[in-house]
$ cat data_34.tsv   # TSV, C-alpha atoms
chain	number	residue	atom	x	y	z
O	3	MET	CA	-0.37	13.81	-14.84
O	4	VAL	CA	-0.23	10.98	-12.33
O	5	LEU	CA	-1.01	7.31	-12.34
O	6	LEU	CA	-3.15	6.37	-9.34
O	7	GLU	CA	-4.02	2.80	-8.42
O	8	PHE	CA	-6.62	2.21	-5.76
O	9	SER	CA	-8.88	-0.38	-4.23
O	10	MET	CA	-11.70	0.28	-1.78
O	11	THR	CA	-13.41	-2.43	0.26
O	12	PRO	CA	-16.09	-2.53	2.95
O	13	LEU	CA	-15.16	-4.50	6.08
O	14	ASP	CA	-18.71	-4.94	7.38
O	15	LYS	CA	-20.39	-6.67	4.45
O	16	GLY	CA	-18.93	-10.16	4.60
O	17	GLU	CA	-16.43	-11.88	2.34
O	18	SER	CA	-18.24	-11.20	-0.95
O	19	VAL	CA	-17.77	-7.54	-1.76
O	20	GLY	CA	-18.20	-7.60	-5.54
O	21	ALA	CA	-21.47	-5.68	-5.46
O	22	TYR	CA	-19.73	-2.74	-3.76
O	23	VAL	CA	-16.66	-2.91	-5.99
O	24	SER	CA	-18.92	-2.89	-9.05
O	25	ARG	CA	-20.52	0.38	-7.99
O	26	SER	CA	-17.05	1.96	-7.84
O	27	LEU	CA	-16.23	0.66	-11.30
O	28	GLN	CA	-19.42	2.21	-12.61
O	29	ILE	CA	-18.23	5.59	-11.30
O	30	ILE	CA	-14.74	5.06	-12.74
O	31	ASP	CA	-16.04	3.96	-16.14
O	32	GLU	CA	-18.28	7.01	-16.38
O	33	SER	CA	-15.61	9.45	-15.16
O	34	GLY	CA	-14.15	10.12	-18.58
O	35	LEU	CA	-10.64	9.37	-17.29
O	36	ASP	CA	-8.60	6.63	-18.86
O	37	TYR	CA	-8.20	3.60	-16.59
O	38	ARG	CA	-7.27	-0.07	-16.44
O	39	LEU	CA	-8.91	-2.61	-14.12
O	40	ASN	CA	-6.70	-5.37	-12.74
O	41	PRO	CA	-7.41	-8.22	-10.27
O	42	MET	CA	-6.28	-6.13	-7.28
O	43	GLY	CA	-7.35	-2.59	-8.13
O	44	THR	CA	-7.89	0.03	-10.79
O	45	VAL	CA	-5.25	2.34	-12.26
O	46	LEU	CA	-6.37	5.82	-13.36
O	47	GLU	CA	-4.42	8.43	-15.29
O	48	GLY	CA	-5.12	12.13	-14.94
O	49	GLU	CA	-4.29	15.30	-13.06
O	50	TRP	CA	-4.14	15.06	-9.26
O	51	ASP	CA	-7.57	16.64	-8.70
O	52	GLU	CA	-9.17	14.52	-11.42
O	53	VAL	CA	-8.06	11.15	-10.11
O	54	MET	CA	-8.63	12.11	-6.47
O	55	GLY	CA	-12.09	13.35	-7.41
O	56	VAL	CA	-12.98	9.90	-8.71
O	57	VAL	CA	-11.69	8.22	-5.55
O	58	LYS	CA	-13.73	10.62	-3.42
O	59	LYS	CA	-16.91	9.87	-5.39
O	60	CYS	CA	-16.37	6.15	-4.84
O	61	PHE	CA	-15.85	6.79	-1.13
O	62	GLU	CA	-18.98	8.91	-0.81
O	63	GLN	CA	-21.03	6.22	-2.44
O	64	MET	CA	-19.57	3.38	-0.39
O	65	SER	CA	-19.77	5.23	2.93
O	66	ALA	CA	-23.46	5.88	2.30
O	67	ASP	CA	-24.23	2.29	3.31
O	68	CYS	CA	-20.99	0.81	4.70
O	69	ASN	CA	-19.86	1.46	8.27
O	70	ARG	CA	-16.21	0.55	7.84
O	71	ILE	CA	-14.10	0.89	4.70
O	72	THR	CA	-10.46	0.19	3.95
O	73	CYS	CA	-8.84	1.88	0.96
O	74	SER	CA	-5.31	1.74	-0.39
O	75	LEU	CA	-3.85	4.09	-3.02
O	76	LYS	CA	-0.53	4.28	-4.79
O	77	ILE	CA	0.52	7.23	-6.91
O	78	ASP	CA	3.29	7.47	-9.49
O	79	TYR	CA	4.03	11.00	-10.67
O	80	ARG	CA	6.47	11.68	-13.47
O	81	GLN	CA	6.88	15.20	-14.75
O	82	GLY	CA	5.70	15.74	-18.32
O	83	ALA	CA	4.71	12.11	-18.86
O	84	ARG	CA	1.33	10.93	-20.12
O	85	GLY	CA	-0.03	7.83	-21.80
O	86	ARG	CA	1.70	5.70	-19.21
O	87	LEU	CA	-1.17	3.22	-18.80
O	88	GLU	CA	0.27	1.68	-21.96
O	89	SER	CA	3.83	2.94	-22.16
O	90	LYS	CA	5.14	1.58	-18.85
O	91	ILE	CA	4.21	-1.98	-19.78
O	92	ALA	CA	5.45	-1.53	-23.37
O	93	SER	CA	8.80	-0.30	-22.05
O	94	VAL	CA	9.30	-3.40	-19.91
O	95	GLU	CA	8.34	-5.71	-22.76
O	96	SER	CA	10.70	-3.88	-25.08
O	97	LYS	CA	13.60	-4.18	-22.64
O	98	LEU	CA	12.96	-7.91	-22.20
O	99	GLY	CA	12.26	-8.53	-25.87
O	100	LYS	CA	9.18	-10.56	-25.09
O	101	THR	CA	5.45	-10.27	-24.51
O	102	LEU	CA	4.31	-10.53	-20.89
O	103	LYS	CA	0.94	-11.58	-19.42
O	104	LYS	CA	-1.34	-8.60	-18.90
K	3	MET	CA	-4.10	-19.64	-2.75
K	4	VAL	CA	-3.56	-15.91	-2.52
K	5	LEU	CA	-3.42	-13.05	-4.95
K	6	LEU	CA	-0.34	-10.90	-4.31
K	7	GLU	CA	0.32	-7.61	-6.07
K	8	PHE	CA	3.70	-6.01	-5.66
K	9	SER	CA	6.01	-3.36	-7.04
K	10	MET	CA	9.68	-2.92	-6.16
K	11	THR	CA	11.69	0.19	-7.01
K	12	PRO	CA	15.24	1.41	-6.33
K	13	LEU	CA	15.48	4.91	-4.85
K	14	ASP	CA	19.13	5.48	-5.72
K	15	LYS	CA	19.10	4.98	-9.49
K	16	GLY	CA	17.38	8.14	-10.73
K	17	GLU	CA	13.92	8.61	-12.19
K	18	SER	CA	14.21	5.92	-14.90
K	19	VAL	CA	13.96	2.57	-13.21
K	20	GLY	CA	12.70	0.43	-16.08
K	21	ALA	CA	15.92	-1.58	-16.34
K	22	TYR	CA	15.53	-2.74	-12.74
K	23	VAL	CA	11.81	-3.42	-13.07
K	24	SER	CA	12.50	-5.51	-16.17
K	25	ARG	CA	14.85	-7.79	-14.28
K	26	SER	CA	12.05	-8.49	-11.77
K	27	LEU	CA	9.63	-9.27	-14.59
K	28	GLN	CA	12.12	-11.72	-16.02
K	29	ILE	CA	12.12	-13.56	-12.67
K	30	ILE	CA	8.31	-13.44	-12.46
K	31	ASP	CA	7.83	-14.65	-16.02
K	32	GLU	CA	10.17	-17.59	-15.44
K	33	SER	CA	8.68	-18.49	-12.04
K	34	GLY	CA	5.98	-20.75	-13.44
K	35	LEU	CA	3.31	-18.92	-11.44
K	36	ASP	CA	0.42	-17.28	-13.20
K	37	TYR	CA	0.61	-13.49	-13.15
K	38	ARG	CA	-0.69	-10.28	-14.74
K	39	LEU	CA	1.42	-7.15	-15.24
K	40	ASN	CA	-0.35	-3.79	-14.88
K	41	PRO	CA	0.94	-0.21	-15.06
K	42	MET	CA	1.54	-0.05	-11.29
K	43	GLY	CA	2.62	-3.56	-10.35
K	44	THR	CA	2.34	-7.27	-10.98
K	45	VAL	CA	-0.31	-9.59	-9.57
K	46	LEU	CA	0.71	-13.19	-8.85
K	47	GLU	CA	-1.48	-16.13	-7.87
K	48	GLY	CA	-0.17	-19.02	-5.83
K	49	GLU	CA	0.34	-20.42	-2.37
K	50	TRP	CA	1.83	-18.05	0.23
K	51	ASP	CA	5.34	-19.52	0.03
K	52	GLU	CA	5.30	-19.57	-3.77
K	53	VAL	CA	4.39	-15.93	-4.28
K	54	MET	CA	6.60	-14.74	-1.43
K	55	GLY	CA	9.47	-16.77	-2.89
K	56	VAL	CA	9.20	-14.83	-6.14
K	57	VAL	CA	9.17	-11.50	-4.31
K	58	LYS	CA	12.26	-12.54	-2.36
K	59	LYS	CA	14.12	-13.50	-5.53
K	60	CYS	CA	13.35	-10.10	-7.02
K	61	PHE	CA	14.60	-8.44	-3.82
K	62	GLU	CA	17.81	-10.44	-3.76
K	63	GLN	CA	18.56	-9.46	-7.32
K	64	MET	CA	17.73	-5.78	-6.85
K	65	SER	CA	19.62	-5.45	-3.56
K	66	ALA	CA	22.73	-6.85	-5.23
K	67	ASP	CA	23.33	-3.48	-6.89
K	68	CYS	CA	20.84	-1.02	-5.35
K	69	ASN	CA	21.45	0.63	-1.99
K	70	ARG	CA	17.91	1.64	-1.23
K	71	ILE	CA	14.71	-0.09	-2.32
K	72	THR	CA	11.05	0.56	-1.66
K	73	CYS	CA	8.56	-2.26	-2.09
K	74	SER	CA	4.80	-2.40	-1.59
K	75	LEU	CA	2.71	-5.57	-1.49
K	76	LYS	CA	-0.98	-6.25	-1.17
K	77	ILE	CA	-2.42	-9.69	-0.53
K	78	ASP	CA	-5.97	-10.95	-1.00
K	79	TYR	CA	-6.64	-14.39	0.49
K	80	ARG	CA	-9.91	-16.16	-0.05
K	81	GLN	CA	-10.33	-19.68	1.23
K	82	GLY	CA	-10.75	-22.29	-1.46
K	83	ALA	CA	-10.62	-19.82	-4.34
K	84	ARG	CA	-8.33	-20.07	-7.36
K	85	GLY	CA	-8.30	-18.68	-10.87
K	86	ARG	CA	-9.02	-15.24	-9.50
K	87	LEU	CA	-6.65	-13.41	-11.87
K	88	GLU	CA	-9.53	-13.74	-14.33
K	89	SER	CA	-12.61	-14.37	-12.21
K	90	LYS	CA	-12.52	-11.20	-10.10
K	91	ILE	CA	-12.62	-8.99	-13.17
K	92	ALA	CA	-15.21	-11.19	-14.88
K	93	SER	CA	-17.44	-10.96	-11.82
K	94	VAL	CA	-17.40	-7.16	-11.84
K	95	GLU	CA	-18.13	-7.05	-15.58
K	96	SER	CA	-20.96	-9.51	-15.15
K	97	LYS	CA	-22.52	-7.47	-12.35
K	98	LEU	CA	-22.31	-4.28	-14.42
K	99	GLY	CA	-23.35	-5.95	-17.65
K	100	LYS	CA	-20.58	-4.30	-19.60
K	101	THR	CA	-16.98	-4.73	-20.63
K	102	LEU	CA	-14.41	-2.64	-18.73
K	103	LYS	CA	-10.92	-1.44	-19.76
K	104	LYS	CA	-8.24	-3.90	-18.71
L	265	MET	CA	-13.62	11.06	10.13
L	266	VAL	CA	-10.96	8.88	8.58
L	267	LEU	CA	-7.49	7.77	9.50
L	268	LEU	CA	-5.10	8.27	6.57
L	269	GLU	CA	-1.52	7.03	6.56
L	270	PHE	CA	0.76	8.16	3.80
L	271	SER	CA	4.37	8.39	2.72
L	272	MET	CA	5.70	10.37	-0.24
L	273	THR	CA	9.18	9.93	-1.68
L	274	PRO	CA	11.12	11.37	-4.63
L	275	LEU	CA	12.75	8.76	-6.90
L	276	ASP	CA	15.21	11.15	-8.56
L	277	LYS	CA	17.08	12.53	-5.56
L	278	GLY	CA	19.25	9.61	-4.51
L	279	GLU	CA	18.99	7.35	-1.50
L	280	SER	CA	18.87	10.10	1.15
L	281	VAL	CA	15.45	11.68	0.98
L	282	GLY	CA	15.14	13.08	4.50
L	283	ALA	CA	15.26	16.69	3.37
L	284	TYR	CA	12.17	16.17	1.22
L	285	VAL	CA	10.33	14.16	3.86
L	286	SER	CA	11.02	16.91	6.39
L	287	ARG	CA	9.33	19.50	4.23
L	288	SER	CA	6.19	17.33	4.19
L	289	LEU	CA	6.29	16.99	7.97
L	290	GLN	CA	6.48	20.74	8.28
L	291	ILE	CA	3.25	21.00	6.29
L	292	ILE	CA	1.60	18.25	8.34
L	293	ASP	CA	2.68	19.73	11.66
L	294	GLU	CA	1.29	23.14	10.69
L	295	SER	CA	-1.97	21.75	9.26
L	296	GLY	CA	-3.83	21.80	12.55
L	297	LEU	CA	-4.87	18.17	12.09
L	298	ASP	CA	-3.92	15.59	14.66
L	299	TYR	CA	-1.27	13.18	13.42
L	300	ARG	CA	1.35	10.60	14.45
L	301	LEU	CA	4.69	10.11	12.70
L	302	ASN	CA	6.05	6.55	12.52
L	303	PRO	CA	9.16	5.10	10.86
L	304	MET	CA	7.30	4.33	7.61
L	305	GLY	CA	4.78	7.14	7.28
L	306	THR	CA	2.47	9.59	8.99
L	307	VAL	CA	-1.08	8.91	10.15
L	308	LEU	CA	-3.56	11.82	10.04
L	309	GLU	CA	-7.07	11.98	11.44
L	310	GLY	CA	-9.74	14.24	9.96
L	311	GLU	CA	-12.52	14.54	7.44
L	312	TRP	CA	-11.80	13.23	3.92
L	313	ASP	CA	-11.21	16.69	2.41
L	314	GLU	CA	-9.02	17.77	5.32
L	315	VAL	CA	-6.60	14.87	5.19
L	316	MET	CA	-6.53	14.78	1.39
L	317	GLY	CA	-5.86	18.52	1.39
L	318	VAL	CA	-2.72	17.97	3.44
L	319	VAL	CA	-1.51	15.21	1.13
L	320	LYS	CA	-2.09	17.47	-1.88
L	321	LYS	CA	-0.08	20.31	-0.31
L	322	CYS	CA	2.81	17.92	0.29
L	323	PHE	CA	2.59	16.76	-3.32
L	324	GLU	CA	2.53	20.29	-4.70
L	325	GLN	CA	5.62	21.18	-2.74
L	326	MET	CA	7.51	18.01	-3.66
L	327	SER	CA	6.60	18.14	-7.35
L	328	ALA	CA	7.94	21.70	-7.51
L	329	ASP	CA	11.48	20.35	-7.59
L	330	CYS	CA	11.24	16.55	-7.98
L	331	ASN	CA	10.63	14.92	-11.36
L	332	ARG	CA	9.39	11.58	-10.13
L	333	ILE	CA	7.49	10.85	-6.92
L	334	THR	CA	6.01	7.71	-5.44
L	335	CYS	CA	3.28	7.99	-2.83
L	336	SER	CA	1.30	5.36	-0.95
L	337	LEU	CA	-1.82	6.01	1.11
L	338	LYS	CA	-4.03	3.82	3.25
L	339	ILE	CA	-7.38	4.95	4.60
L	340	ASP	CA	-9.46	3.47	7.42
L	341	TYR	CA	-12.98	4.88	7.68
L	342	ARG	CA	-15.27	3.97	10.52
L	343	GLN	CA	-18.62	5.66	10.81
L	344	GLY	CA	-19.01	7.88	13.85
L	345	ALA	CA	-15.55	7.14	15.23
L	346	ARG	CA	-12.97	9.75	16.22
L	347	GLY	CA	-9.93	9.86	18.46
L	348	ARG	CA	-8.68	6.67	16.87
L	349	LEU	CA	-5.02	7.75	16.72
L	350	GLU	CA	-5.00	6.71	20.36
L	351	SER	CA	-7.97	4.39	20.78
L	352	LYS	CA	-7.02	1.74	18.22
L	353	ILE	CA	-3.71	1.08	19.96
L	354	ALA	CA	-5.30	1.26	23.42
L	355	SER	CA	-7.88	-1.31	22.35
L	356	VAL	CA	-5.24	-3.81	21.27
L	357	GLU	CA	-3.26	-3.32	24.48
L	358	SER	CA	-6.40	-3.76	26.53
L	359	LYS	CA	-7.31	-7.00	24.75
L	360	LEU	CA	-3.79	-8.38	25.28
L	361	GLY	CA	-3.49	-7.05	28.83
L	362	LYS	CA	-0.02	-5.69	28.17
L	363	THR	CA	1.80	-2.60	26.94
L	364	LEU	CA	3.21	-2.78	23.41
L	365	LYS	CA	6.09	-0.89	21.77
L	366	LYS	CA	4.89	2.30	20.08
R	87	MET	CA	18.12	-5.22	7.46
R	88	VAL	CA	14.75	-3.95	6.28
R	89	LEU	CA	11.90	-2.03	7.80
R	90	LEU	CA	8.58	-3.73	7.08
R	91	GLU	CA	5.21	-2.22	7.92
R	92	PHE	CA	2.15	-4.37	7.62
R	93	SER	CA	-1.49	-4.65	8.54
R	94	MET	CA	-3.68	-7.72	8.17
R	95	THR	CA	-7.47	-7.68	8.42
R	96	PRO	CA	-10.26	-10.24	8.00
R	97	LEU	CA	-13.07	-9.18	5.66
R	98	ASP	CA	-15.61	-11.69	6.91
R	99	LYS	CA	-15.79	-10.86	10.61
R	100	GLY	CA	-17.68	-7.57	10.62
R	101	GLU	CA	-16.47	-4.07	11.36
R	102	SER	CA	-14.82	-4.82	14.71
R	103	VAL	CA	-11.63	-6.71	13.99
R	104	GLY	CA	-9.62	-5.88	17.13
R	105	ALA	CA	-9.70	-9.44	18.43
R	106	TYR	CA	-7.96	-10.68	15.28
R	107	VAL	CA	-5.47	-7.82	15.19
R	108	SER	CA	-4.59	-8.51	18.83
R	109	ARG	CA	-3.64	-12.10	18.04
R	110	SER	CA	-1.19	-10.81	15.42
R	111	LEU	CA	0.31	-8.37	17.92
R	112	GLN	CA	0.80	-11.23	20.35
R	113	ILE	CA	2.87	-13.03	17.70
R	114	ILE	CA	4.82	-9.88	16.87
R	115	ASP	CA	5.52	-9.05	20.50
R	116	GLU	CA	6.81	-12.57	21.15
R	117	SER	CA	8.90	-12.71	17.95
R	118	GLY	CA	11.99	-11.17	19.47
R	119	LEU	CA	12.20	-8.61	16.64
R	120	ASP	CA	12.09	-4.93	17.40
R	121	TYR	CA	8.83	-3.30	16.31
R	122	ARG	CA	6.60	-0.25	16.72
R	123	LEU	CA	2.80	-0.36	16.67
R	124	ASN	CA	1.01	2.63	15.11
R	125	PRO	CA	-2.71	3.31	14.49
R	126	MET	CA	-2.56	1.84	10.96
R	127	GLY	CA	-0.06	-1.00	11.21
R	128	THR	CA	3.08	-2.36	12.79
R	129	VAL	CA	6.65	-1.66	11.68
R	130	LEU	CA	9.21	-4.43	12.17
R	131	GLU	CA	12.98	-4.27	11.72
R	132	GLY	CA	15.03	-7.33	10.81
R	133	GLU	CA	16.45	-9.41	8.00
R	134	TRP	CA	14.09	-10.24	5.12
R	135	ASP	CA	13.42	-13.81	6.27
R	136	GLU	CA	12.90	-12.73	9.87
R	137	VAL	CA	10.26	-10.09	9.19
R	138	MET	CA	8.54	-12.15	6.50
R	139	GLY	CA	8.49	-15.10	8.90
R	140	VAL	CA	6.50	-13.04	11.40
R	141	VAL	CA	4.02	-11.94	8.73
R	142	LYS	CA	3.56	-15.54	7.65
R	143	LYS	CA	2.87	-16.67	11.24
R	144	CYS	CA	0.21	-13.98	11.56
R	145	PHE	CA	-1.32	-15.10	8.26
R	146	GLU	CA	-1.36	-18.76	9.27
R	147	GLN	CA	-3.13	-17.92	12.50
R	148	MET	CA	-5.67	-15.61	10.88
R	149	SER	CA	-6.43	-17.93	7.97
R	150	ALA	CA	-7.18	-20.72	10.44
R	151	ASP	CA	-10.56	-19.16	11.17
R	152	CYS	CA	-11.05	-16.34	8.63
R	153	ASN	CA	-12.23	-17.00	5.08
R	154	ARG	CA	-11.08	-13.77	3.51
R	155	ILE	CA	-8.11	-11.64	4.53
R	156	THR	CA	-6.60	-8.46	3.15
R	157	CYS	CA	-2.99	-7.62	3.97
R	158	SER	CA	-0.80	-4.69	2.93
R	159	LEU	CA	2.98	-4.52	3.38
R	160	LYS	CA	5.55	-1.84	2.69
R	161	ILE	CA	9.28	-2.48	2.82
R	162	ASP	CA	12.13	0.01	3.06
R	163	TYR	CA	15.58	-1.51	2.51
R	164	ARG	CA	18.73	0.52	2.99
R	165	GLN	CA	22.07	-1.18	2.71
R	166	GLY	CA	24.04	-1.32	5.93
R	167	ALA	CA	21.46	0.56	7.97
R	168	ARG	CA	19.98	-0.61	11.25
R	169	GLY	CA	18.27	1.02	14.20
R	170	ARG	CA	16.00	2.87	11.84
R	171	LEU	CA	12.84	2.43	13.94
R	172	GLU	CA	14.25	5.36	15.92
R	173	SER	CA	16.73	7.04	13.60
R	174	LYS	CA	14.41	7.88	10.72
R	175	ILE	CA	12.11	9.88	13.00
R	176	ALA	CA	15.05	11.47	14.84
R	177	SER	CA	16.52	12.57	11.52
R	178	VAL	CA	13.34	14.37	10.48
R	179	GLU	CA	13.04	16.08	13.88
R	180	SER	CA	16.66	17.14	13.70
R	181	LYS	CA	16.23	18.63	10.23
R	182	LEU	CA	13.13	20.55	11.34
R	183	GLY	CA	14.57	21.53	14.71
R	184	LYS	CA	11.41	20.55	16.52
R	185	THR	CA	9.71	17.62	18.19
R	186	LEU	CA	6.90	15.97	16.22
R	187	LYS	CA	3.90	13.91	17.41
R	188	LYS	CA	4.68	10.22	17.51

$ encode --input "data_34.tsv" --output "structure tokens"
Amino acid sequence: MVLLEFSMTPLDKGESVGAYVSRSLQIIDESGLDYRLNPMGTVLEGEWDEVMGVVKKCFEQMSADCNRITCSLKIDYRQGARGRLESKIASVESKLGKTLKK
Amino acid sequence: MVLLEFSMTPLDKGESVGAYVSRSLQIIDESGLDYRLNPMGTVLEGEWDEVMGVVKKCFEQMSADCNRITCSLKIDYRQGARGRLESKIASVESKLGKTLKK
Amino acid sequence: MVLLEFSMTPLDKGESVGAYVSRSLQIIDESGLDYRLNPMGTVLEGEWDEVMGVVKKCFEQMSADCNRITCSLKIDYRQGARGRLESKIASVESKLGKTLKK
Amino acid sequence: MVLLEFSMTPLDKGESVGAYVSRSLQIIDESGLDYRLNPMGTVLEGEWDEVMGVVKKCFEQMSADCNRITCSLKIDYRQGARGRLESKIASVESKLGKTLKK
């Protein structure tokens, strides 16, 4: 299992891109994968092909009516680990002995 | 104001890096800037020098006892906007008419 | 066609990771896709499935003997454009009227 | 010394952003720091404050007439190392025993 964070943005639609981002979130929310939305992207957990399949669907939809798209992804693979959408944050809070803003 | 997401990781400390990440979160939490921790990084909101100052403090601390460090940052600037740690997510939820996982 | 830049690094192999990076470059060089290596990553040009297929091969090889891997990717899609490994740089040099360091 | 790769792009100027990217390259080229331009960004080598100072100058110029800007940075710090704009690539080529596309 991997954690994959990504954001995908059209460059040719002006400074307000929320309508396009929302369509991606619709795909993500319906994917069946566990995820967490944050102010700068969305983090998915799943097997490589599962998470990359969701990113590809978002790209296919966005490229249907956007001429230029920028997309950044970051992947964190750890052998044998799962449930890390929650456990990575819990581990940091436990080490610090305090609750952080999430 | 900008939103800045970053993660900073030592390469020479083995696969468990939570102790080093926790020290950065201590700095972030005490910085006075508003922030949100997610499973892949932390998003800060502030002026350019403020958020970059926090990243630099984290780097100075980590480089004191780590020989190799990788760090990724992503910045989203929007003129005149603030409070976007909450408003970007709220905008997507409003457009979709549903609550998303955060 | 898209441009995709990526770098992939094991976290559990110490600070010298060149042996692992070299194995990825072997895969990239034999992929048949056009690419450019730079000091922080490799940029590939191809269709979505082509470039993502190369990244996946690199991941499969690295995860065979690395327990934790970090990977960052950035994609630039522009409808109808190809040959951009050269043309994007040439365009900047032309606008500035000078040769830049590459 | 660190290696820092970055790219900075306006979101509100349409799909052709070369004019804005060129202004950043002018700043980089005149900075006195060593750098390499690639199709997806520019890699600088220098001390933390030096390379971050260049990124800030580019941001100040771009934000003077762009309302929304996206910027991604990646940093690779290795204690005591310098000259890595050339040596990292040379090391990979040496390990593979062949010349790669750059």

$ residues_around --input "data_34.tsv" --residues "Lys15 of chain K" --least-positions-apart "6" --cutoff "8 Å" --atoms "all atoms listed in the file" --output "PyMOL selection string"
(chain K and resi 68) or (chain L and resi 275-276+278)

$ residues_near_point --input "data_34.tsv" --point "(-0.5, -11.1, -6.7)" --cutoff "6 Å" --atoms "only C-alpha atoms" --output "list in words"
Leu5, Leu6, Glu7, Val45, Leu46 and Glu47 of chain K

$ interface_residues --input "data_34.tsv" --of "chain R" --to "chain L" --cutoff "9 Å" --atoms "only C-alpha atoms" --output "PyMOL selection string"
chain R and resi 89-91+101+104-105+107-109+111-112+115+120-126+128-129+160-162+164+170-175+177-179+181-182+186-188

$ atom_distance --input "data_34.tsv" --atom1 "atom CA of Phe323 of chain L" --atom2 "atom CA of Asn69 of chain K"
24.9 Å

$ atom_distance --input "data_34.tsv" --atom1 "atom CA of Met54 of chain K" --atom2 "atom CA of Met10 of chain K"
13.1 Å

$ closest_residue --input "data_34.tsv" --among "R:Met87, R:Val140, R:Ala167, R:Leu159" --to "Glu116 of chain R" --atoms "all atoms listed in the file"
R:Val140

$ atom_distance --input "data_34.tsv" --atom1 "atom CA of Cys60 of chain O" --atom2 "atom CA of Lys320 of chain L"
18.5 Å

$ decode --input "data_34.tsv" --residues "segment 114-152 of chain R" --atoms "C-alpha atoms" --output "PDB file, in the first residue's frame"
ATOM      1  CA  ILE R 114      18.274  33.473 -11.787  1.00  0.00           C
ATOM      2  CA  ASP R 115      20.856  34.078 -14.494  1.00  0.00           C
ATOM      3  CA  GLU R 116      21.891  37.378 -12.909  1.00  0.00           C
ATOM      4  CA  SER R 117      21.967  35.977  -9.352  1.00  0.00           C
ATOM      5  CA  GLY R 118      25.545  34.796  -9.505  1.00  0.00           C
ATOM      6  CA  LEU R 119      24.527  31.325  -8.278  1.00  0.00           C
ATOM      7  CA  ASP R 120      25.256  28.286 -10.379  1.00  0.00           C
ATOM      8  CA  TYR R 121      22.121  26.771 -11.904  1.00  0.00           C
ATOM      9  CA  ARG R 122      20.786  24.436 -14.589  1.00  0.00           C
ATOM     10  CA  LEU R 123      17.536  24.981 -16.486  1.00  0.00           C
ATOM     11  CA  ASN R 124      15.549  21.866 -17.428  1.00  0.00           C
ATOM     12  CA  PRO R 125      12.165  21.457 -19.168  1.00  0.00           C
ATOM     13  CA  MET R 126      10.275  21.376 -15.844  1.00  0.00           C
ATOM     14  CA  GLY R 127      12.200  23.753 -13.602  1.00  0.00           C
ATOM     15  CA  THR R 128      15.527  25.235 -12.614  1.00  0.00           C
ATOM     16  CA  VAL R 129      18.042  23.715 -10.200  1.00  0.00           C
ATOM     17  CA  LEU R 130      20.148  26.119  -8.124  1.00  0.00           C
ATOM     18  CA  GLU R 131      23.116  25.333  -5.891  1.00  0.00           C
ATOM     19  CA  GLY R 132      24.021  27.507  -2.918  1.00  0.00           C
ATOM     20  CA  GLU R 133      23.518  28.105   0.779  1.00  0.00           C
ATOM     21  CA  TRP R 134      19.923  28.008   2.053  1.00  0.00           C
ATOM     22  CA  ASP R 135      19.559  31.796   2.260  1.00  0.00           C
ATOM     23  CA  GLU R 136      21.115  32.302  -1.161  1.00  0.00           C
ATOM     24  CA  VAL R 137      18.840  29.954  -3.076  1.00  0.00           C
ATOM     25  CA  MET R 138      15.744  30.980  -1.111  1.00  0.00           C
ATOM     26  CA  GLY R 139      16.619  34.621  -1.782  1.00  0.00           C
ATOM     27  CA  VAL R 140      16.477  33.979  -5.516  1.00  0.00           C
ATOM     28  CA  VAL R 141      13.115  32.222  -5.240  1.00  0.00           C
ATOM     29  CA  LYS R 142      11.748  35.134  -3.224  1.00  0.00           C
ATOM     30  CA  LYS R 143      12.915  37.667  -5.838  1.00  0.00           C
ATOM     31  CA  CYS R 144      11.139  35.670  -8.540  1.00  0.00           C
ATOM     32  CA  PHE R 145       7.996  35.573  -6.397  1.00  0.00           C
ATOM     33  CA  GLU R 146       8.071  39.304  -5.726  1.00  0.00           C
ATOM     34  CA  GLN R 147       8.362  40.039  -9.409  1.00  0.00           C
ATOM     35  CA  MET R 148       5.628  37.613 -10.441  1.00  0.00           C
ATOM     36  CA  SER R 149       3.199  38.656  -7.709  1.00  0.00           C
ATOM     37  CA  ALA R 150       3.547  42.266  -8.853  1.00  0.00           C
ATOM     38  CA  ASP R 151       1.249  41.553 -11.784  1.00  0.00           C
ATOM     39  CA  CYS R 152      -0.171  38.038 -11.251  1.00  0.00           C
TER      40      CYS R 152
END
